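Report on the following structure.
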Amino acid sequence: MLTQTTSRVLEPSDLDAALAVLDREPVANAFVTARVQIAGLDPWRLGGEMWGWYEHGMLTSLCYAGANLVPICATPRAVRAFADRARRAGRRCSSIVGPAEPTAQLWRLLEPGWGPAREVRAHQPLMVTDRLPDDIAPDPYVRRVRKDEVERIMPACVAMFTEEVGISPMAGDGGLLYQARVAELVGSGRSFARFDADGRVVFKAEIGAATDRACQIQGVWVHPEYRGKGLAAPGMAAVLRHALADTAPVASLYVNDFNTAARRTYLRVGFQEVGAFMSVLF
């Protein structure tokens, strides 16, 4: 029985308690919740450890430590414990990402040992909607990407990732992990695109994480030659229609605060800001 405040690596038997914490903020936690619902808490299947913070024997905060370091419902005391554990383990993640306040605190504690970061995005508005816009018709040409179209969608995915993150996803392992992730999204029917007459992708987006309570739209991209031509809002409306009809009652996304064009598009489609994320990129 854990009677004092303490942190430890969670085990498969802690699954129900961990899901109860994740369920407290279903929108903000959608990415991690989706992984845990599929993989449980076994580190090999989950792709990382789940750290738990206990107060008076109750699990109150979590931190996912895999390719990303993600504080979840993390109180200031929990963040300090997670930072201590992360320092001892050494940096294995490519980013720290999560709700802005605990992520900022975590980075303040880790920066002396882990810094400098390649980039810090301190304020990324978290936006949600549970309905389709009244005044924007979904683009009828945006459709699910078929399984035999993975190679057609891949260049657009690589371009979006490189533009967004600042490095190519093909670096390191030659893109094997990234290609597998794109193929997984296509295979599960969560990749959407509009192709032009030459078969090029002119708009694309994915439903990246999905639970029964919320899903997260990601990877929104318009081909540079088609930007400013009004494709983004109808394209987003089309993806949103699929998301709300087939996936979850609430759709969310988070966006860089400096991307004013994207923020304007999401507001037009009906998304509202409900909070903020922060990302530290290595």
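Ordering of the structure tokens sets the chain letters (A, B, ...), residue numbers begin anew at 1 in every chain, and ligands are numbered from 1 in the order given.
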
(request) Pick out each residue of segment 66-204 of chain A that DSSP on the backbone tags as alpha helix (DSSP H); I need them as a count of residues only. (result) 57

Per residue of segment 122-189 of chain A within 12 Å of segment 26-35 of chain A, what are the shortest atom pair and its distance in Å to one decimal, counting only C-alpha atoms, with rows by chain and residue number, as CSV?
residue,atom,partner,partner_atom,distance
A:Pro125,CA,A:Ala28,CA,11.2
A:Leu126,CA,A:Ala28,CA,7.9
A:Met127,CA,A:Val27,CA,9.4
A:Val128,CA,A:Val27,CA,8.1
A:Thr129,CA,A:Val27,CA,10.5
A:Asp130,CA,A:Val27,CA,11.5

(request) Name the residues in contact with Arg144 of chain A at a cut-off of 12 Å, using only C-alpha atoms, excluding same-chain residues fewer than 2 positions from it; report them as number ranges by chain. (result) A: 140-142, 146-150, 153, 185-195, 203-207, 235, 238-239, 241-243

(request) Please run DSSP on the backbone and report, as a ChimeraX atom specification, all residues within segment 68-212 of chain A that come out as strand (DSSP E). (result) /A:68-72,95-99,119-129,143-144,191-195,201-210

Selection from above, C-alpha atoms, as a short mmCIF file (atom, residue, chain, number, x, y, z; two decimals), in the first residue's frame, can you write it?
data_model
loop_
_atom_site.label_atom_id
_atom_site.label_comp_id
_atom_site.auth_asym_id
_atom_site.auth_seq_id
_atom_site.Cartn_x
_atom_site.Cartn_y
_atom_site.Cartn_z
CA ASN A 68 7.56 11.87 -26.49
CA LEU A 69 7.58 12.84 -22.82
CA VAL A 70 3.97 13.75 -21.96
CA PRO A 71 2.80 15.00 -18.54
CA ILE A 72 -0.83 14.03 -17.89
CA SER A 95 10.07 15.97 -27.79
CA ILE A 96 8.28 17.02 -24.61
CA VAL A 97 4.65 17.81 -25.36
CA GLY A 98 1.50 18.34 -23.34
CA PRO A 99 -0.72 20.91 -21.66
CA GLU A 119 12.86 24.64 -30.77
CA VAL A 120 10.37 25.56 -28.04
CA ARG A 121 6.75 26.22 -29.01
CA ALA A 122 5.43 27.64 -25.79
CA HIS A 123 1.82 28.29 -26.80
CA GLN A 124 -0.09 26.01 -29.17
CA PRO A 125 -3.84 26.65 -28.91
CA LEU A 126 -5.90 23.49 -28.24
CA MET A 127 -9.12 23.71 -30.24
CA VAL A 128 -12.28 21.58 -30.20
CA THR A 129 -15.64 21.27 -31.89
CA ARG A 143 -12.11 11.25 -49.40
CA ARG A 144 -10.51 8.41 -47.49
CA SER A 191 -6.26 9.34 -43.69
CA PHE A 192 -8.10 11.78 -45.98
CA ALA A 193 -7.01 13.64 -49.11
CA ARG A 194 -8.04 15.46 -52.25
CA PHE A 195 -6.09 14.59 -55.40
CA VAL A 201 -2.27 15.47 -53.22
CA VAL A 202 -3.59 19.02 -52.95
CA PHE A 203 -5.10 18.71 -49.45
CA LYS A 204 -4.67 16.12 -46.73
CA ALA A 205 -5.32 15.50 -43.04
CA GLU A 206 -5.52 12.54 -40.69
CA ILE A 207 -7.43 11.54 -37.59
CA GLY A 208 -4.31 10.69 -35.64
CA ALA A 209 -5.63 9.62 -32.25
CA ALA A 210 -9.10 8.32 -31.47
#

(request) Measure the distance from atom CA of Asp134 of chain A to atom CA of Gly228 of chain A in Å and round it to one decimal. (result)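 Separating atom CA of Asp134 of chain A from atom CA of Gly228 of chain A is a distance of 21.6 Å.
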
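Among the candidates A:Leu22, A:Leu46, A:Ala261, A:Leu267, the residue lying nearest to Thr211 of chain A is A:Leu22 (atoms considered: only C-alpha atoms).
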
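Among the candidates A:Ser94, A:Gln179, A:Gln216, A:Gln272, the one nearest to Pro249 of chain A when counting only C-alpha atoms is A:Gln216.
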
What's the 12 Å shell around Pro224 of chain A, counting only C-alpha atoms, without same-chain residues fewer than 3 positions away, as a short mmCIF file (atom, residue, chain, number, x, y, z; two decimals) with C-alpha atoms, in the first residue's frame?
data_model
loop_
_atom_site.label_atom_id
_atom_site.label_comp_id
_atom_site.auth_asym_id
_atom_site.auth_seq_id
_atom_site.Cartn_x
_atom_site.Cartn_y
_atom_site.Cartn_z
CA ALA A 156 2.66 14.97 -48.98
CA ALA A 159 6.45 17.52 -46.85
CA MET A 160 3.95 18.35 -44.09
CA GLU A 163 7.46 21.88 -42.78
CA ARG A 200 -1.04 14.89 -56.76
CA VAL A 201 -2.27 15.47 -53.22
CA VAL A 202 -3.59 19.02 -52.95
CA PHE A 203 -5.10 18.71 -49.45
CA TRP A 221 -1.57 20.30 -45.28
CA ARG A 227 -2.57 27.71 -50.95
CA GLY A 228 -4.78 30.76 -50.76
CA LYS A 229 -7.36 29.20 -53.10
CA LEU A 231 -9.28 24.55 -50.18
CA ALA A 232 -8.44 24.37 -46.48
#

(message) I need the residue nearest Val274 of chain A from this list: A:Arg91, A:Leu177, A:Glu25, A:Glu11. Use only C-alpha atoms for the distance.
(response) A:Glu25

(request) Just the residues within 10 Å of Phe161 of chain A, please, counting only C-alpha atoms, with nothing from its chain fewer than 6 positions along; format it as a PyMOL selection string. (result) chain A and resi 155+167-170+178+219-221

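Nearest to Val36 of chain A of all the residues A:Pro138, A:Pro12, A:Pro102, A:Pro133 is A:Pro12, based on only C-alpha atoms.
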